[in-house]
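Asks: Let me give you the structure first, and then I'll get to my questions.
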Amino acid sequence: MNQDEVKEKLLAIKDAPMEFSVTFSGKKSRKVNGLYKPDSREIIIHNRNFSDDNLLLYTAIHEYAHHLHACARGGHLSARAHTAEFWAILHGLLEEAEKKSVYKDVFSGSKELEELTDTIRKKYLTENGNLVKELGQLLLKAHELCTAIGGRYEDYIDRVLRIPRQAANVAVRMHQYNLNPETGADNMRFLAGITNEEKRLAAEKSLLTGKSPDTVKIALRQNPEGGDENADPREKLEKEKIRLERTIASLSKRLEEVERELDAQ
């Protein structure tokens, strides 16, 4: 694969609003596989670093993401090139490249890695999410008990549990919002910060369907109002159904807790 073919593949993934060039350096570099020069809009690839066209193409897509990022900023890049906006652009390009069979996902070819990924997701990410969510439920109970004995809940968090108040508040919101633990505790913390229910559900759905955290965050930033007036009516009803089901589930749990407390008295 030569440099002209690489450029052709990049344009097949997504067209660029500004002209750019792809250059093979003909060299091997121990520092980087490629780089992008925003002033000349040139993608340079150290092609002797690669023995596999697919891996070379990944580097090309990475540098192309820098070019598209620069295009979105009028042809200029800040000193900090690898921002959340950049990663969102890169992940979008890779997703599109995989759909169009321009680039092959290297992570899907190893059975051992796939099994390890499944273990990490189920045993650690989901379980960790469940634990933090359950912590939020227990903290709500602690709040009630502190109130009952005339103690200050914040003092209990500070001096007895010795955990940051923000972390405690986030755990409580994870429980109250009934977030899906499959997104993992870190993503649940991000979701807990979204007060708008429709936007929070949309962000959670994007994470569960394979979007990267940066992609979801940038999409949320670009659509701060949330919702879509032109959205399909069925999709709106499905979102409302999810909201209602979660509300019912949360209320049912609380009702069971109250009934247990009444029986115990």
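In the structure tokens, chains take the letters A, B, ... in the order shown, each chain's residues start at 1, and ligands count up from 1 in the order shown.
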Please give the complete set of residues from stretch 40-256 of chain A that DSSP, run on the backbone, assigns to strand (DSSP E or B), formatted as a list in words.

Replies: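 These are the residues in question: Glu42, Ile43, Ile44 and Ile45 of chain A.
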
Asks: How would the residues just chosen look if you wrote them out with all heavy atoms as an mmCIF file, in the first residue's frame?

Replies:
data_model
loop_
_atom_site.group_PDB
_atom_site.id
_atom_site.type_symbol
_atom_site.label_atom_id
_atom_site.label_comp_id
_atom_site.auth_asym_id
_atom_site.auth_seq_id
_atom_site.Cartn_x
_atom_site.Cartn_y
_atom_site.Cartn_z
ATOM 1 N N GLU A 42 -0.038 18.216 6.425
ATOM 2 C CA GLU A 42 0.673 17.036 5.920
ATOM 3 C C GLU A 42 0.684 15.918 6.964
ATOM 4 O O GLU A 42 1.031 16.142 8.120
ATOM 5 C CB GLU A 42 2.111 17.416 5.554
ATOM 6 C CG GLU A 42 2.925 16.268 4.967
ATOM 7 C CD GLU A 42 4.357 16.680 4.647
ATOM 8 O OE1 GLU A 42 4.781 17.752 5.124
ATOM 9 O OE2 GLU A 42 5.039 15.927 3.930
ATOM 10 N N ILE A 43 0.259 14.739 6.518
ATOM 11 C CA ILE A 43 0.337 13.530 7.347
ATOM 12 C C ILE A 43 1.605 12.785 6.954
ATOM 13 O O ILE A 43 1.771 12.397 5.799
ATOM 14 C CB ILE A 43 -0.891 12.620 7.135
ATOM 15 C CG1 ILE A 43 -2.150 13.305 7.673
ATOM 16 C CG2 ILE A 43 -0.687 11.265 7.816
ATOM 17 C CD1 ILE A 43 -3.429 12.554 7.347
ATOM 18 N N ILE A 44 2.489 12.604 7.919
ATOM 19 C CA ILE A 44 3.741 11.890 7.660
ATOM 20 C C ILE A 44 3.702 10.558 8.393
ATOM 21 O O ILE A 44 3.417 10.504 9.595
ATOM 22 C CB ILE A 44 4.956 12.710 8.125
ATOM 23 C CG1 ILE A 44 5.028 14.034 7.354
ATOM 24 C CG2 ILE A 44 6.242 11.907 7.932
ATOM 25 C CD1 ILE A 44 6.123 14.958 7.831
ATOM 26 N N ILE A 45 3.977 9.503 7.668
ATOM 27 C CA ILE A 45 3.963 8.161 8.249
ATOM 28 C C ILE A 45 5.341 7.524 8.092
ATOM 29 O O ILE A 45 5.889 7.480 6.981
ATOM 30 C CB ILE A 45 2.898 7.276 7.570
ATOM 31 C CG1 ILE A 45 1.512 7.893 7.757
ATOM 32 C CG2 ILE A 45 2.929 5.857 8.138
ATOM 33 C CD1 ILE A 45 0.428 7.178 7.019
#

Asks: With only C-alpha atoms as the counted atoms, please give the residues lying no more than 10 Å from A:Arg200, apart from itself and same-chain residues fewer than 6 positions off, as a list in words.

Replies: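 Those residues are Tyr177, Leu179, Phe190, Leu191, Ala192, Gly193, Ile194, Ser206, Leu220 and Gly226 of chain A.
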
Asks: Have a look at A:Ile157, A:Ala185, A:Met18, A:Ile242 and name the one nearest to A:His76; count only C-alpha atoms.

Replies: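 Ranking A:Ile157, A:Ala185, A:Met18, A:Ile242 by distance to A:His76, first place goes to A:Met18.
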
Asks: Could you check how far atom CA of A:Cys146 sits from atom CA of A:Arg254, in Å to one decimal?

Replies: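 Taking atom CA of A:Cys146 as the start and atom CA of A:Arg254 as the end point, the length is 18.2 Å.
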
Asks: Give me every alpha helix (DSSP H) residue in stretch 33-74 of chain A, going by DSSP on the backbone, as a PyMOL selection string.

Replies: chain A and resi 53-72

Asks: Please produce, as CSV, a per-residue contact table for stretch 2-22 of chain A versus stretch 58-69 of chain A (criterion: any atom at most 8 Å away, only C-alpha atoms considered), showing the nearest atom pair and its distance in Å to one decimal, sorted by chain then residue number.

Replies:
residue,atom,partner,partner_atom,distance
A:Val6,CA,A:Ala60,CA,7.4
A:Leu10,CA,A:Ile61,CA,6.8
A:Ala16,CA,A:Leu68,CA,6.5
A:Pro17,CA,A:Leu68,CA,7.9
A:Phe20,CA,A:His67,CA,7.8

Asks: Against stretch 77-100 of chain A, which residues of stretch 28-47 of chain A fall within 12 Å? For each one I want the closest pair of atoms and the distance in Å (one decimal), counting only C-alpha atoms, rows by chain and increasing residue number, as a Markdown table.

Replies:
| residue | atom | partner | partner_atom | distance |
| --- | --- | --- | --- | --- |
| A:Leu35 | CA | A:Ala81 | CA | 11.2 |
| A:Tyr36 | CA | A:Ala81 | CA | 10.2 |
| A:Lys37 | CA | A:Leu77 | CA | 9.7 |
| A:Pro38 | CA | A:Leu77 | CA | 7.0 |
| A:Asp39 | CA | A:Leu77 | CA | 9.3 |
| A:Arg41 | CA | A:Leu77 | CA | 11.0 |

Asks: Which residues come within 12 Å of stretch 149-156 of chain A, counting only C-alpha atoms, excluding same-chain residues fewer than 3 positions away, as a ChimeraX atom specification?

Replies: /A:139-146,159-166,168-169

Asks: If you keep N, CA and C atoms, can you produce a file of those selected residues as a short mmCIF file (atom, residue, chain, number, x, y, z; two decimals), in the first residue's frame?

Replies:
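File written: out.cif
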data_model
loop_
_atom_site.label_atom_id
_atom_site.label_comp_id
_atom_site.auth_asym_id
_atom_site.auth_seq_id
_atom_site.Cartn_x
_atom_site.Cartn_y
_atom_site.Cartn_z
N LEU A 139 -26.04 4.62 51.84
CA LEU A 139 -25.81 5.98 52.31
C LEU A 139 -27.13 6.72 52.53
N LEU A 140 -28.12 6.43 51.68
CA LEU A 140 -29.45 7.01 51.89
C LEU A 140 -30.03 6.54 53.22
N LYS A 141 -29.82 5.26 53.51
CA LYS A 141 -30.29 4.69 54.78
C LYS A 141 -29.55 5.35 55.94
N ALA A 142 -28.25 5.57 55.76
CA ALA A 142 -27.45 6.20 56.81
C ALA A 142 -27.94 7.63 57.07
N HIS A 143 -28.33 8.32 55.99
CA HIS A 143 -28.86 9.67 56.12
C HIS A 143 -30.11 9.67 57.00
N GLU A 144 -30.99 8.70 56.79
CA GLU A 144 -32.21 8.60 57.57
C GLU A 144 -31.90 8.32 59.04
N LEU A 145 -30.94 7.44 59.29
CA LEU A 145 -30.58 7.08 60.66
C LEU A 145 -29.91 8.25 61.38
N CYS A 146 -29.07 9.00 60.64
CA CYS A 146 -28.43 10.17 61.24
C CYS A 146 -29.47 11.20 61.65
N ARG A 159 -16.29 12.18 59.24
CA ARG A 159 -15.50 11.68 60.37
C ARG A 159 -15.65 10.19 60.65
N VAL A 160 -16.81 9.64 60.27
CA VAL A 160 -17.02 8.21 60.55
C VAL A 160 -16.61 7.36 59.35
N LEU A 161 -17.21 7.64 58.20
CA LEU A 161 -16.84 6.87 57.00
C LEU A 161 -15.52 7.35 56.39
N ARG A 162 -15.23 8.65 56.59
CA ARG A 162 -14.00 9.26 56.08
C ARG A 162 -13.88 9.10 54.56
N ILE A 163 -14.94 9.47 53.87
CA ILE A 163 -14.92 9.49 52.41
C ILE A 163 -15.31 10.89 51.93
N PRO A 164 -14.83 11.31 50.78
CA PRO A 164 -15.18 12.64 50.27
C PRO A 164 -16.69 12.78 50.09
N ARG A 165 -17.23 13.94 50.44
CA ARG A 165 -18.67 14.14 50.32
C ARG A 165 -19.12 14.01 48.87
N GLN A 166 -18.30 14.51 47.96
CA GLN A 166 -18.69 14.43 46.54
C GLN A 166 -18.85 12.98 46.10
N ALA A 168 -19.63 10.47 47.98
CA ALA A 168 -20.84 9.95 48.60
C ALA A 168 -22.08 10.42 47.85
N ASN A 169 -22.09 11.70 47.48
CA ASN A 169 -23.24 12.24 46.74
C ASN A 169 -23.41 11.58 45.39
#

Asks: Which residues are close to A:Leu125, i.e. within 8 Å by only C-alpha atoms, leaving aside same-chain residues fewer than 3 positions away? Reply as a ChimeraX atom specification.

Replies: /A:120-122,128-129,181-185

Asks: Mind writing the picked residues with all heavy atoms as a compact mmCIF listing (two decimals), in the first residue's frame?

Replies:
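Below you can see selection.txt, which holds the result:
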# COMPACT_ATOMS: atom_id res chain seq x y z
N ILE A 120 -13.24 -9.17 32.38
CA ILE A 120 -13.06 -7.82 32.94
C ILE A 120 -14.40 -7.11 33.03
O ILE A 120 -14.72 -6.49 34.04
CB ILE A 120 -12.07 -7.01 32.09
CG1 ILE A 120 -10.66 -7.60 32.22
CG2 ILE A 120 -12.07 -5.53 32.50
CD1 ILE A 120 -9.64 -6.99 31.26
N ARG A 121 -15.19 -7.20 31.97
CA ARG A 121 -16.47 -6.50 31.95
C ARG A 121 -17.43 -7.04 33.01
O ARG A 121 -18.04 -6.27 33.76
CB ARG A 121 -17.12 -6.65 30.57
CG ARG A 121 -16.54 -5.71 29.52
CD ARG A 121 -17.19 -5.95 28.18
NE ARG A 121 -16.74 -4.97 27.18
CZ ARG A 121 -16.89 -5.14 25.88
NH1 ARG A 121 -17.47 -6.24 25.41
NH2 ARG A 121 -16.46 -4.22 25.03
N LYS A 122 -17.55 -8.36 33.07
CA LYS A 122 -18.54 -8.97 33.97
C LYS A 122 -18.07 -8.99 35.42
O LYS A 122 -18.84 -8.66 36.34
CB LYS A 122 -18.86 -10.39 33.51
CG LYS A 122 -19.62 -10.44 32.19
CD LYS A 122 -19.92 -11.87 31.77
CE LYS A 122 -20.69 -11.93 30.47
NZ LYS A 122 -20.95 -13.33 30.03
N ASN A 128 -18.11 -3.79 40.04
CA ASN A 128 -17.71 -2.55 40.70
C ASN A 128 -18.84 -1.53 40.63
O ASN A 128 -19.13 -0.83 41.61
CB ASN A 128 -16.45 -1.99 40.04
CG ASN A 128 -15.78 -0.92 40.87
OD1 ASN A 128 -15.99 -0.84 42.08
ND2 ASN A 128 -14.98 -0.09 40.24
N GLY A 129 -19.49 -1.47 39.46
CA GLY A 129 -20.63 -0.58 39.31
C GLY A 129 -21.76 -0.93 40.28
O GLY A 129 -22.37 -0.05 40.88
N PRO A 181 -25.22 -0.83 35.86
CA PRO A 181 -23.84 -1.13 36.27
C PRO A 181 -22.95 -1.64 35.13
O PRO A 181 -21.72 -1.63 35.27
CB PRO A 181 -24.03 -2.21 37.34
CG PRO A 181 -25.44 -2.07 37.79
CD PRO A 181 -26.20 -1.63 36.58
N GLU A 182 -23.55 -2.10 34.04
CA GLU A 182 -22.76 -2.62 32.92
C GLU A 182 -21.89 -1.53 32.29
O GLU A 182 -20.93 -1.83 31.58
CB GLU A 182 -23.67 -3.25 31.87
CG GLU A 182 -24.30 -4.55 32.31
CD GLU A 182 -25.14 -5.18 31.22
OE1 GLU A 182 -24.99 -4.80 30.05
OE2 GLU A 182 -25.96 -6.07 31.55
N THR A 183 -22.22 -0.27 32.53
CA THR A 183 -21.39 0.81 31.99
C THR A 183 -20.10 0.96 32.79
O THR A 183 -19.16 1.60 32.33
CB THR A 183 -22.14 2.15 32.01
OG1 THR A 183 -22.49 2.48 33.35
CG2 THR A 183 -23.40 2.10 31.16
N GLY A 184 -20.05 0.39 33.99
CA GLY A 184 -18.87 0.50 34.84
C GLY A 184 -18.96 1.70 35.77
O GLY A 184 -19.61 2.70 35.47
N ALA A 185 -18.28 1.62 36.91
CA ALA A 185 -18.38 2.66 37.94
C ALA A 185 -17.93 4.03 37.44
O ALA A 185 -18.55 5.04 37.76
CB ALA A 185 -17.57 2.25 39.16
